[in-house]
file upload_22.txt (compact mmCIF, N, CA and C atoms)
# COMPACT_ATOMS: atom_id res chain seq x y z
N MET A 1 0.84 -1.17 0.00
CA MET A 1 0.00 0.00 0.00
C MET A 1 0.89 1.24 0.00
N THR A 2 0.57 2.20 -0.84
CA THR A 2 1.32 3.45 -0.92
C THR A 2 0.64 4.50 -0.07
N ARG A 3 1.45 5.16 0.74
CA ARG A 3 0.91 6.24 1.58
C ARG A 3 0.90 7.53 0.78
N PRO A 4 -0.08 8.37 0.99
CA PRO A 4 -0.12 9.65 0.29
C PRO A 4 1.00 10.57 0.78
N GLN A 5 1.45 11.46 -0.10
CA GLN A 5 2.47 12.46 0.25
C GLN A 5 1.93 13.33 1.37
N GLN A 6 2.72 13.51 2.42
CA GLN A 6 2.30 14.33 3.55
C GLN A 6 3.09 15.61 3.60
N ASP A 7 2.46 16.68 4.00
CA ASP A 7 3.19 17.90 4.31
C ASP A 7 3.77 17.72 5.70
N PHE A 8 4.82 18.44 5.99
CA PHE A 8 5.46 18.37 7.29
C PHE A 8 5.06 19.63 8.04
N PRO A 9 4.06 19.53 8.89
CA PRO A 9 3.40 20.71 9.45
C PRO A 9 4.19 21.47 10.51
N ASP A 10 5.22 20.88 11.10
CA ASP A 10 5.94 21.59 12.16
C ASP A 10 7.38 21.11 12.23
N GLU A 11 8.16 21.76 13.09
CA GLU A 11 9.58 21.42 13.18
C GLU A 11 9.85 20.03 13.73
N TRP A 12 8.86 19.39 14.31
CA TRP A 12 9.03 18.04 14.88
C TRP A 12 8.85 16.95 13.82
N HIS A 13 8.45 17.34 12.62
CA HIS A 13 8.15 16.34 11.59
C HIS A 13 8.81 16.68 10.27
N GLN A 14 10.08 17.02 10.32
CA GLN A 14 10.84 17.33 9.12
C GLN A 14 11.53 16.07 8.60
N PRO A 15 11.73 15.97 7.29
CA PRO A 15 12.39 14.77 6.74
C PRO A 15 13.89 14.81 6.97
N LEU A 16 14.50 13.65 7.10
CA LEU A 16 15.95 13.55 7.12
C LEU A 16 16.46 13.81 5.70
N ARG A 17 17.67 14.29 5.58
CA ARG A 17 18.28 14.54 4.27
C ARG A 17 19.52 13.67 4.14
N HIS A 18 19.72 13.11 2.97
CA HIS A 18 20.84 12.20 2.71
C HIS A 18 21.74 12.82 1.64
N ILE A 19 22.98 13.07 1.98
CA ILE A 19 23.96 13.57 1.03
C ILE A 19 24.95 12.44 0.78
N ARG A 20 24.99 11.94 -0.44
CA ARG A 20 25.90 10.84 -0.78
C ARG A 20 27.33 11.36 -0.95
N ALA A 21 28.30 10.49 -0.72
CA ALA A 21 29.71 10.87 -0.77
C ALA A 21 30.06 11.58 -2.08
N GLY A 22 29.51 11.15 -3.18
CA GLY A 22 29.80 11.75 -4.47
C GLY A 22 29.06 13.05 -4.74
N GLU A 23 28.21 13.49 -3.81
CA GLU A 23 27.42 14.70 -4.01
C GLU A 23 27.98 15.92 -3.29
N LEU A 24 29.11 15.80 -2.61
CA LEU A 24 29.68 16.96 -1.92
C LEU A 24 30.09 18.01 -2.94
N SER A 25 29.91 19.27 -2.57
CA SER A 25 30.17 20.38 -3.48
C SER A 25 31.45 21.12 -3.13
N GLU A 26 32.23 21.48 -4.14
CA GLU A 26 33.39 22.35 -3.93
C GLU A 26 33.01 23.81 -4.16
N GLU A 27 31.73 24.08 -4.34
CA GLU A 27 31.25 25.46 -4.51
C GLU A 27 31.10 26.10 -3.14
N THR A 28 32.22 26.26 -2.45
CA THR A 28 32.25 26.84 -1.12
C THR A 28 33.54 27.64 -0.98
N ALA A 29 33.68 28.37 0.10
CA ALA A 29 34.88 29.18 0.31
C ALA A 29 36.11 28.26 0.32
N GLN A 30 37.18 28.70 -0.31
CA GLN A 30 38.39 27.90 -0.44
C GLN A 30 39.61 28.66 0.06
N THR A 31 40.65 27.92 0.38
CA THR A 31 41.95 28.45 0.75
C THR A 31 42.98 27.72 -0.10
N SER A 32 44.01 28.41 -0.54
CA SER A 32 45.02 27.78 -1.39
C SER A 32 45.63 26.57 -0.68
N GLY A 33 45.96 25.54 -1.47
CA GLY A 33 46.62 24.36 -0.93
C GLY A 33 45.70 23.28 -0.40
N MET A 34 44.39 23.52 -0.45
CA MET A 34 43.45 22.52 0.04
C MET A 34 42.15 22.62 -0.76
N ALA A 35 41.34 21.59 -0.68
CA ALA A 35 40.02 21.61 -1.33
C ALA A 35 38.97 21.29 -0.28
N ARG A 36 38.08 22.26 -0.01
CA ARG A 36 36.95 22.03 0.90
C ARG A 36 35.77 21.51 0.10
N ARG A 37 35.09 20.53 0.68
CA ARG A 37 33.90 19.95 0.06
C ARG A 37 32.75 20.04 1.05
N GLU A 38 31.71 20.68 0.63
CA GLU A 38 30.55 20.94 1.49
C GLU A 38 29.55 19.79 1.42
N ALA A 39 29.10 19.33 2.59
CA ALA A 39 28.08 18.28 2.66
C ALA A 39 26.79 18.84 3.25
N ILE A 40 26.85 19.33 4.48
CA ILE A 40 25.68 19.83 5.20
C ILE A 40 25.83 21.34 5.35
N SER A 41 24.85 22.09 4.86
CA SER A 41 24.91 23.55 4.92
C SER A 41 23.52 24.13 4.68
N ALA A 42 23.42 25.43 4.76
CA ALA A 42 22.16 26.10 4.43
C ALA A 42 21.79 25.81 2.98
N VAL A 43 22.79 25.83 2.11
CA VAL A 43 22.54 25.62 0.68
C VAL A 43 22.12 24.18 0.40
N SER A 44 22.83 23.21 0.96
CA SER A 44 22.59 21.81 0.59
C SER A 44 21.34 21.21 1.24
N VAL A 45 21.07 21.56 2.50
CA VAL A 45 19.94 20.92 3.20
C VAL A 45 19.08 21.91 4.00
N GLY A 46 19.42 23.19 3.97
CA GLY A 46 18.67 24.17 4.75
C GLY A 46 19.09 24.23 6.21
N ALA A 47 20.32 23.77 6.53
CA ALA A 47 20.80 23.83 7.92
C ALA A 47 20.75 25.27 8.41
N GLN A 48 20.45 25.44 9.68
CA GLN A 48 20.33 26.78 10.25
C GLN A 48 21.46 27.12 11.22
N ARG A 49 22.15 26.12 11.78
CA ARG A 49 23.16 26.42 12.79
C ARG A 49 24.46 25.65 12.62
N LEU A 50 24.62 24.87 11.56
CA LEU A 50 25.88 24.16 11.41
C LEU A 50 26.25 23.98 9.95
N TRP A 51 27.53 23.74 9.76
CA TRP A 51 28.11 23.42 8.44
C TRP A 51 28.99 22.21 8.64
N MET A 52 28.97 21.30 7.67
CA MET A 52 29.80 20.10 7.78
C MET A 52 30.30 19.72 6.40
N GLY A 53 31.54 19.30 6.36
CA GLY A 53 32.12 18.88 5.10
C GLY A 53 33.46 18.24 5.35
N GLU A 54 34.29 18.22 4.31
CA GLU A 54 35.61 17.63 4.45
C GLU A 54 36.62 18.48 3.71
N THR A 55 37.87 18.30 4.09
CA THR A 55 38.98 19.00 3.45
C THR A 55 40.01 17.98 3.01
N HIS A 56 40.52 18.18 1.81
CA HIS A 56 41.56 17.32 1.25
C HIS A 56 42.81 18.17 1.03
N VAL A 57 43.94 17.70 1.56
CA VAL A 57 45.22 18.39 1.35
C VAL A 57 46.15 17.39 0.67
N PRO A 58 46.61 17.72 -0.55
CA PRO A 58 47.51 16.80 -1.27
C PRO A 58 48.83 16.60 -0.54
N PRO A 59 49.56 15.55 -0.90
CA PRO A 59 50.88 15.31 -0.30
C PRO A 59 51.81 16.51 -0.50
N HIS A 60 52.65 16.76 0.49
CA HIS A 60 53.69 17.79 0.43
C HIS A 60 53.12 19.17 0.10
N THR A 61 51.99 19.50 0.73
CA THR A 61 51.30 20.76 0.48
C THR A 61 50.88 21.38 1.80
N GLY A 62 50.87 22.68 1.84
CA GLY A 62 50.34 23.41 2.99
C GLY A 62 49.27 24.37 2.52
N SER A 63 48.30 24.62 3.35
CA SER A 63 47.26 25.59 3.00
C SER A 63 47.76 27.00 3.27
N GLY A 64 47.03 27.97 2.79
CA GLY A 64 47.28 29.34 3.18
C GLY A 64 46.80 29.56 4.60
N ASP A 65 47.29 30.61 5.24
CA ASP A 65 46.84 30.98 6.59
C ASP A 65 45.41 31.53 6.49
N HIS A 66 44.57 31.16 7.47
CA HIS A 66 43.18 31.59 7.43
C HIS A 66 42.54 31.44 8.80
N HIS A 67 41.32 31.97 8.95
CA HIS A 67 40.49 31.69 10.13
C HIS A 67 39.05 31.56 9.67
N HIS A 68 38.15 31.19 10.59
CA HIS A 68 36.77 30.90 10.23
C HIS A 68 35.78 31.82 10.95
N GLY A 69 36.16 33.09 11.11
CA GLY A 69 35.25 34.07 11.70
C GLY A 69 34.78 33.62 13.07
N ASP A 70 33.49 33.86 13.33
CA ASP A 70 32.95 33.54 14.65
C ASP A 70 32.54 32.08 14.81
N SER A 71 32.86 31.24 13.84
CA SER A 71 32.51 29.82 13.93
C SER A 71 33.51 29.04 14.77
N GLU A 72 33.00 28.18 15.61
CA GLU A 72 33.84 27.15 16.22
C GLU A 72 33.98 26.05 15.18
N THR A 73 35.16 25.44 15.12
CA THR A 73 35.40 24.38 14.13
C THR A 73 35.91 23.13 14.84
N ALA A 74 35.27 22.01 14.56
CA ALA A 74 35.73 20.71 15.06
C ALA A 74 36.24 19.92 13.86
N ILE A 75 37.41 19.31 14.03
CA ILE A 75 38.06 18.57 12.95
C ILE A 75 38.31 17.15 13.42
N HIS A 76 38.02 16.19 12.56
CA HIS A 76 38.31 14.78 12.81
C HIS A 76 39.16 14.27 11.66
N VAL A 77 40.34 13.76 11.97
CA VAL A 77 41.26 13.27 10.94
C VAL A 77 40.80 11.89 10.47
N LEU A 78 40.50 11.79 9.18
CA LEU A 78 40.09 10.52 8.60
C LEU A 78 41.26 9.75 8.01
N ARG A 79 42.12 10.45 7.24
CA ARG A 79 43.26 9.82 6.58
C ARG A 79 44.46 10.75 6.62
N GLY A 80 45.63 10.16 6.68
CA GLY A 80 46.86 10.93 6.62
C GLY A 80 47.31 11.45 7.98
N HIS A 81 48.28 12.34 7.93
CA HIS A 81 48.88 12.90 9.15
C HIS A 81 49.04 14.41 9.01
N PRO A 82 47.90 15.14 8.89
CA PRO A 82 48.00 16.59 8.74
C PRO A 82 48.58 17.24 10.00
N VAL A 83 49.26 18.35 9.78
CA VAL A 83 49.81 19.16 10.86
C VAL A 83 49.01 20.45 10.90
N PHE A 84 48.50 20.82 12.07
CA PHE A 84 47.74 22.05 12.24
C PHE A 84 48.64 23.06 12.92
N VAL A 85 48.81 24.22 12.28
CA VAL A 85 49.76 25.23 12.75
C VAL A 85 48.98 26.48 13.16
N PHE A 86 49.31 27.01 14.35
CA PHE A 86 48.73 28.26 14.82
C PHE A 86 49.82 29.04 15.54
N ALA A 87 49.53 30.28 15.95
CA ALA A 87 50.54 31.11 16.62
C ALA A 87 50.17 31.29 18.08
N ALA A 88 51.18 31.24 18.93
CA ALA A 88 51.02 31.52 20.36
C ALA A 88 52.26 32.27 20.83
N HIS A 89 52.07 33.43 21.44
CA HIS A 89 53.18 34.23 21.97
C HIS A 89 54.21 34.55 20.89
N GLY A 90 53.73 34.83 19.67
CA GLY A 90 54.61 35.22 18.58
C GLY A 90 55.35 34.08 17.91
N GLU A 91 55.04 32.84 18.28
CA GLU A 91 55.72 31.67 17.72
C GLU A 91 54.71 30.73 17.08
N GLU A 92 55.13 30.01 16.07
CA GLU A 92 54.27 28.99 15.47
C GLU A 92 54.27 27.74 16.34
N VAL A 93 53.09 27.19 16.56
CA VAL A 93 52.90 25.94 17.30
C VAL A 93 52.34 24.93 16.31
N ARG A 94 52.87 23.70 16.33
CA ARG A 94 52.49 22.67 15.38
C ARG A 94 51.85 21.49 16.11
N LEU A 95 50.65 21.12 15.71
CA LEU A 95 49.97 19.94 16.25
C LEU A 95 50.07 18.83 15.22
N GLN A 96 50.80 17.77 15.55
CA GLN A 96 50.95 16.61 14.68
C GLN A 96 49.75 15.69 14.93
N THR A 97 49.04 15.30 13.88
CA THR A 97 47.85 14.47 14.07
C THR A 97 47.90 13.22 13.19
N GLY A 98 46.98 12.32 13.46
CA GLY A 98 46.84 11.10 12.68
C GLY A 98 45.39 10.65 12.68
N PRO A 99 45.08 9.60 11.92
CA PRO A 99 43.71 9.11 11.82
C PRO A 99 43.09 8.85 13.19
N GLY A 100 41.87 9.34 13.36
CA GLY A 100 41.14 9.19 14.61
C GLY A 100 41.28 10.37 15.55
N ASP A 101 42.26 11.24 15.32
CA ASP A 101 42.47 12.41 16.18
C ASP A 101 41.42 13.49 15.91
N TYR A 102 41.20 14.34 16.91
CA TYR A 102 40.30 15.49 16.81
C TYR A 102 41.07 16.76 17.13
N VAL A 103 40.67 17.87 16.50
CA VAL A 103 41.25 19.18 16.75
C VAL A 103 40.11 20.17 16.87
N PHE A 104 40.18 21.07 17.86
CA PHE A 104 39.20 22.14 18.01
C PHE A 104 39.87 23.45 17.64
N VAL A 105 39.24 24.22 16.76
CA VAL A 105 39.74 25.54 16.36
C VAL A 105 38.75 26.59 16.88
N PRO A 106 39.16 27.41 17.85
CA PRO A 106 38.28 28.45 18.37
C PRO A 106 37.98 29.52 17.32
N PRO A 107 36.90 30.28 17.52
CA PRO A 107 36.57 31.36 16.58
C PRO A 107 37.75 32.32 16.41
N TYR A 108 37.89 32.82 15.20
CA TYR A 108 38.88 33.85 14.81
C TYR A 108 40.33 33.42 14.99
N THR A 109 40.63 32.16 15.24
CA THR A 109 42.01 31.73 15.45
C THR A 109 42.70 31.45 14.11
N PRO A 110 43.72 32.26 13.76
CA PRO A 110 44.46 32.01 12.53
C PRO A 110 45.18 30.66 12.61
N HIS A 111 45.14 29.92 11.51
CA HIS A 111 45.79 28.61 11.46
C HIS A 111 46.01 28.22 10.01
N ARG A 112 46.71 27.11 9.83
CA ARG A 112 46.85 26.51 8.50
C ARG A 112 47.05 25.01 8.69
N GLU A 113 46.80 24.28 7.61
CA GLU A 113 47.02 22.84 7.60
C GLU A 113 48.21 22.56 6.70
N GLU A 114 49.05 21.62 7.12
CA GLU A 114 50.17 21.19 6.30
C GLU A 114 50.13 19.67 6.19
N ASN A 115 50.48 19.18 5.03
CA ASN A 115 50.57 17.75 4.82
C ASN A 115 51.97 17.45 4.30
N LEU A 116 52.85 17.00 5.18
CA LEU A 116 54.24 16.75 4.83
C LEU A 116 54.46 15.33 4.32
N SER A 117 53.43 14.50 4.35
CA SER A 117 53.59 13.08 4.01
C SER A 117 53.38 12.83 2.52
N ASP A 118 53.51 11.55 2.14
CA ASP A 118 53.35 11.13 0.75
C ASP A 118 51.91 10.75 0.41
N GLU A 119 51.00 10.83 1.38
CA GLU A 119 49.61 10.48 1.11
C GLU A 119 48.70 11.69 1.35
N GLU A 120 47.58 11.72 0.66
CA GLU A 120 46.61 12.79 0.84
C GLU A 120 46.09 12.78 2.27
N ALA A 121 45.90 13.96 2.85
CA ALA A 121 45.27 14.08 4.17
C ALA A 121 43.81 14.47 3.96
N VAL A 122 42.92 13.76 4.66
CA VAL A 122 41.49 14.05 4.57
C VAL A 122 40.94 14.21 5.97
N VAL A 123 40.25 15.33 6.22
CA VAL A 123 39.65 15.57 7.52
C VAL A 123 38.18 15.91 7.36
N LEU A 124 37.41 15.53 8.35
CA LEU A 124 35.99 15.87 8.45
C LEU A 124 35.89 17.14 9.28
N ILE A 125 35.07 18.09 8.83
CA ILE A 125 34.95 19.38 9.51
C ILE A 125 33.49 19.63 9.88
N ALA A 126 33.27 20.11 11.11
CA ALA A 126 31.95 20.57 11.53
C ALA A 126 32.12 21.97 12.10
N ARG A 127 31.24 22.89 11.70
CA ARG A 127 31.31 24.26 12.18
C ARG A 127 29.98 24.69 12.77
N SER A 128 30.04 25.65 13.68
CA SER A 128 28.85 26.15 14.37
C SER A 128 28.13 27.23 13.57
N SER A 129 28.23 27.16 12.26
CA SER A 129 27.58 28.09 11.36
C SER A 129 27.09 27.28 10.17
N GLN A 130 26.09 27.74 9.48
CA GLN A 130 25.63 27.02 8.30
C GLN A 130 26.42 27.40 7.07
N GLU A 131 27.40 28.28 7.22
CA GLU A 131 28.25 28.70 6.12
C GLU A 131 29.69 28.25 6.37
N ALA A 132 30.43 28.07 5.29
CA ALA A 132 31.86 27.78 5.39
C ALA A 132 32.59 29.11 5.42
N ILE A 133 32.57 29.76 6.57
CA ILE A 133 33.23 31.06 6.70
C ILE A 133 34.73 30.85 6.60
N VAL A 134 35.38 31.55 5.67
CA VAL A 134 36.81 31.45 5.49
C VAL A 134 37.36 32.85 5.25
N VAL A 135 38.29 33.27 6.10
CA VAL A 135 38.98 34.54 5.92
C VAL A 135 40.45 34.22 5.70
N ASN A 136 40.91 34.37 4.45
CA ASN A 136 42.31 34.08 4.12
C ASN A 136 43.17 35.24 4.60
N LEU A 137 44.33 34.92 5.16
CA LEU A 137 45.20 35.90 5.81
C LEU A 137 46.61 35.89 5.21
N PRO A 138 47.34 37.00 5.33
CA PRO A 138 48.73 37.02 4.85
C PRO A 138 49.70 36.33 5.80
N SER A 139 49.28 36.10 7.07
CA SER A 139 50.18 35.53 8.06
C SER A 139 49.38 35.00 9.24
N LEU A 140 49.98 34.10 10.01
CA LEU A 140 49.36 33.66 11.26
C LEU A 140 49.47 34.72 12.34
N LEU A 141 50.52 35.52 12.26
CA LEU A 141 50.78 36.54 13.28
C LEU A 141 50.04 37.82 12.94
N PRO A 142 49.64 38.57 13.97
CA PRO A 142 48.99 39.86 13.71
C PRO A 142 49.95 40.80 13.00
N GLN A 143 49.39 41.82 12.35
CA GLN A 143 50.23 42.81 11.68
C GLN A 143 51.29 43.30 12.65
N GLY A 144 52.50 43.32 12.27
CA GLY A 144 53.58 43.76 13.13
C GLY A 144 54.24 42.61 13.88
N GLY A 145 53.58 41.38 13.86
CA GLY A 145 54.18 40.19 14.46
C GLY A 145 54.36 40.27 15.97
N GLY A 146 53.46 40.99 16.66
CA GLY A 146 53.60 41.11 18.11
C GLY A 146 53.29 39.83 18.84
N ALA A 147 53.63 39.79 20.11
CA ALA A 147 53.43 38.58 20.92
C ALA A 147 52.02 38.47 21.44
N ASP A 148 51.19 39.48 21.30
CA ASP A 148 49.82 39.43 21.79
C ASP A 148 48.91 38.93 20.71
N ASP A 149 48.94 37.66 20.44
CA ASP A 149 48.12 37.09 19.41
C ASP A 149 47.13 36.16 20.03

call {"tool": "encode", "arguments": {"input": "upload_22.txt", "output": "C-alpha cells"}}
result
Amino acid sequence: MTRPQQDFPDEWHQPLRHIRAGELSEETAQTSGMARREAISAVSVGAQRLWMGETHVPPHTGSGDHHHGDSETAIHVLRGHPVFVFAAHGEEVRLQTGPGDYVFVPPYTPHREENLSDEEAVVLIARSSQEAIVVNLPSLLPQGGGADD
C-alpha cells in the first residue's frame, strides 16, 4: 500500500536529508593548498546552525593561513597525518595528528594545515555556522608580528 504524500506541518516532523559521498560540493569558500567539500549547509539541506564537510590536502602541500570568523570548528582526521599550525606568543605551534584524532579551532584563530607526508590528508569538519566562513590571511601573526596574538 502506498501512503499519500504528507506535508510536514511543524519542526518536529521534518524529513531527514541524505547527502551521498559523491554529491559533496566544492562550490564553497576555499583556501590555497586545500580543497573544501561541502556536505551539510544552508545551501545543501537548509541547515540553520551548522556546516559540515571535508577538506583534502595533497601530499607535500600546505594551506594558506586563514580563520573561520565567529565559527567554532571541530576537525576529525580521517586519513593521513596533517599538521595544524597556529601562533602563540609570537611563535608557530604545530599539532601533529593522525587518523582518529580530533582538533578544536576556536573562533577567529588564525591557522593553517600542512601535509608533509606522501599520502593525501582528509579531515571531516563541523562548524557552528551554516556557512563555510573562510577569511584568508597574509600571516598567522597579527600585523607587526607582536606577541599578543

call {"tool": "closest_atom_pairs", "arguments": {"input": "upload_22.txt", "of": "stretch 13-73 of chain A", "to": "stretch 138-141 of chain A", "cutoff": "8 Å", "atoms": "only N, CA and C atoms", "output": "tab-separated table"}}
result
residue	atom	partner	partner_atom	distance
A:Gly64	C	A:Ser139	N	7.4
A:Asp65	CA	A:Ser139	C	5.4
A:His66	N	A:Ser139	C	6.4

call {"tool": "write_last_selection", "arguments": {"input": "upload_22.txt", "atoms": "N, CA and C atoms", "output": "PDB file, in the coordinates of the input"}}
result
ATOM      1  N   GLY A  64      47.030  27.970   2.790  1.00  0.00           N
ATOM      2  CA  GLY A  64      47.280  29.340   3.180  1.00  0.00           C
ATOM      3  C   GLY A  64      46.800  29.560   4.600  1.00  0.00           C
ATOM      4  N   ASP A  65      47.290  30.610   5.240  1.00  0.00           N
ATOM      5  CA  ASP A  65      46.840  30.980   6.590  1.00  0.00           C
ATOM      6  C   ASP A  65      45.410  31.530   6.490  1.00  0.00           C
ATOM      7  N   HIS A  66      44.570  31.160   7.470  1.00  0.00           N
ATOM      8  CA  HIS A  66      43.180  31.590   7.430  1.00  0.00           C
ATOM      9  C   HIS A  66      42.540  31.440   8.800  1.00  0.00           C
TER      10      HIS A  66
END

call {"tool": "residues_around", "arguments": {"input": "upload_22.txt", "residues": "A:Thr31", "least_positions_apart": "5", "cutoff": "7 Å", "atoms": "only N, CA and C atoms", "output": "PyMOL selection string"}}
result
chain A and resi 36+63-64+136

call {"tool": "closest_residue", "arguments": {"input": "upload_22.txt", "among": "A:Gln96, A:Gln48, A:Thr55, A:Gln130", "to": "A:Phe84", "atoms": "all atoms listed in the file"}}
result
A:Gln96

call {"tool": "atom_distance", "arguments": {"input": "upload_22.txt", "atom1": "atom CA of A:His68", "atom2": "atom CA of A:Val134"}}
result
4.8 Å

call {"tool": "select_by_dssp", "arguments": {"input": "upload_22.txt", "residues": "stretch 48-130 of chain A", "states": "strand (DSSP E or B)", "output": "PyMOL selection string"}}
result
chain A and resi 51-57+61-62+66-67+73-79+83-88+91-96+102-105+111-115+121-127

call {"tool": "build_atoms", "arguments": {"input": "upload_22.txt", "residues": "stretch 41-50 of chain A", "atoms": "all heavy atoms", "output": "PDB file, keeping the file's coordinate frame"}}
result
ATOM      1  N   SER A  41      24.850  22.090   4.860  1.00  0.00           N
ATOM      2  CA  SER A  41      24.910  23.550   4.920  1.00  0.00           C
ATOM      3  C   SER A  41      23.520  24.130   4.680  1.00  0.00           C
ATOM      4  O   SER A  41      22.571  23.390   4.412  1.00  0.00           O
ATOM      5  CB  SER A  41      25.864  24.089   3.857  1.00  0.00           C
ATOM      6  OG  SER A  41      25.317  23.895   2.562  1.00  0.00           O
ATOM      7  N   ALA A  42      23.420  25.430   4.760  1.00  0.00           N
ATOM      8  CA  ALA A  42      22.160  26.100   4.430  1.00  0.00           C
ATOM      9  C   ALA A  42      21.790  25.810   2.980  1.00  0.00           C
ATOM     10  O   ALA A  42      20.632  25.552   2.661  1.00  0.00           O
ATOM     11  CB  ALA A  42      22.280  27.605   4.674  1.00  0.00           C
ATOM     12  N   VAL A  43      22.790  25.830   2.110  1.00  0.00           N
ATOM     13  CA  VAL A  43      22.540  25.620   0.680  1.00  0.00           C
ATOM     14  C   VAL A  43      22.120  24.180   0.400  1.00  0.00           C
ATOM     15  O   VAL A  43      21.158  23.934  -0.317  1.00  0.00           O
ATOM     16  CB  VAL A  43      23.791  25.986  -0.148  1.00  0.00           C
ATOM     17  CG1 VAL A  43      23.629  25.592  -1.597  1.00  0.00           C
ATOM     18  CG2 VAL A  43      24.089  27.465  -0.021  1.00  0.00           C
ATOM     19  N   SER A  44      22.830  23.210   0.960  1.00  0.00           N
ATOM     20  CA  SER A  44      22.590  21.810   0.590  1.00  0.00           C
ATOM     21  C   SER A  44      21.340  21.210   1.240  1.00  0.00           C
ATOM     22  O   SER A  44      20.648  20.418   0.603  1.00  0.00           O
ATOM     23  CB  SER A  44      23.807  20.952   0.918  1.00  0.00           C
ATOM     24  OG  SER A  44      24.017  20.876   2.313  1.00  0.00           O
ATOM     25  N   VAL A  45      21.070  21.560   2.500  1.00  0.00           N
ATOM     26  CA  VAL A  45      19.940  20.920   3.200  1.00  0.00           C
ATOM     27  C   VAL A  45      19.080  21.910   4.000  1.00  0.00           C
ATOM     28  O   VAL A  45      18.154  21.486   4.671  1.00  0.00           O
ATOM     29  CB  VAL A  45      20.421  19.797   4.142  1.00  0.00           C
ATOM     30  CG1 VAL A  45      21.127  18.698   3.365  1.00  0.00           C
ATOM     31  CG2 VAL A  45      21.293  20.337   5.262  1.00  0.00           C
ATOM     32  N   GLY A  46      19.420  23.190   3.970  1.00  0.00           N
ATOM     33  CA  GLY A  46      18.670  24.170   4.750  1.00  0.00           C
ATOM     34  C   GLY A  46      19.090  24.230   6.210  1.00  0.00           C
ATOM     35  O   GLY A  46      18.324  24.702   7.056  1.00  0.00           O
ATOM     36  N   ALA A  47      20.320  23.770   6.530  1.00  0.00           N
ATOM     37  CA  ALA A  47      20.800  23.830   7.920  1.00  0.00           C
ATOM     38  C   ALA A  47      20.750  25.270   8.410  1.00  0.00           C
ATOM     39  O   ALA A  47      21.007  26.204   7.659  1.00  0.00           O
ATOM     40  CB  ALA A  47      22.219  23.294   8.004  1.00  0.00           C
ATOM     41  N   GLN A  48      20.450  25.440   9.680  1.00  0.00           N
ATOM     42  CA  GLN A  48      20.330  26.780  10.250  1.00  0.00           C
ATOM     43  C   GLN A  48      21.460  27.120  11.220  1.00  0.00           C
ATOM     44  O   GLN A  48      21.720  28.288  11.472  1.00  0.00           O
ATOM     45  CB  GLN A  48      18.998  26.927  10.968  1.00  0.00           C
ATOM     46  CG  GLN A  48      17.833  26.828  10.013  1.00  0.00           C
ATOM     47  CD  GLN A  48      16.509  26.954  10.724  1.00  0.00           C
ATOM     48  OE1 GLN A  48      16.432  27.481  11.825  1.00  0.00           O
ATOM     49  NE2 GLN A  48      15.467  26.464  10.088  1.00  0.00           N
ATOM     50  N   ARG A  49      22.150  26.120  11.780  1.00  0.00           N
ATOM     51  CA  ARG A  49      23.160  26.420  12.790  1.00  0.00           C
ATOM     52  C   ARG A  49      24.460  25.650  12.620  1.00  0.00           C
ATOM     53  O   ARG A  49      25.340  25.764  13.460  1.00  0.00           O
ATOM     54  CB  ARG A  49      22.601  26.174  14.193  1.00  0.00           C
ATOM     55  CG  ARG A  49      21.544  27.189  14.600  1.00  0.00           C
ATOM     56  CD  ARG A  49      21.030  26.971  15.998  1.00  0.00           C
ATOM     57  NE  ARG A  49      20.238  25.775  16.145  1.00  0.00           N
ATOM     58  CZ  ARG A  49      18.951  25.675  15.846  1.00  0.00           C
ATOM     59  NH1 ARG A  49      18.306  26.705  15.375  1.00  0.00           N
ATOM     60  NH2 ARG A  49      18.303  24.552  16.017  1.00  0.00           N
ATOM     61  N   LEU A  50      24.620  24.870  11.560  1.00  0.00           N
ATOM     62  CA  LEU A  50      25.880  24.160  11.410  1.00  0.00           C
ATOM     63  C   LEU A  50      26.250  23.980   9.950  1.00  0.00           C
ATOM     64  O   LEU A  50      25.423  24.114   9.060  1.00  0.00           O
ATOM     65  CB  LEU A  50      25.878  22.816  12.141  1.00  0.00           C
ATOM     66  CG  LEU A  50      24.989  21.695  11.618  1.00  0.00           C
ATOM     67  CD1 LEU A  50      25.727  20.856  10.605  1.00  0.00           C
ATOM     68  CD2 LEU A  50      24.568  20.806  12.770  1.00  0.00           C
TER      69      LEU A  50
END
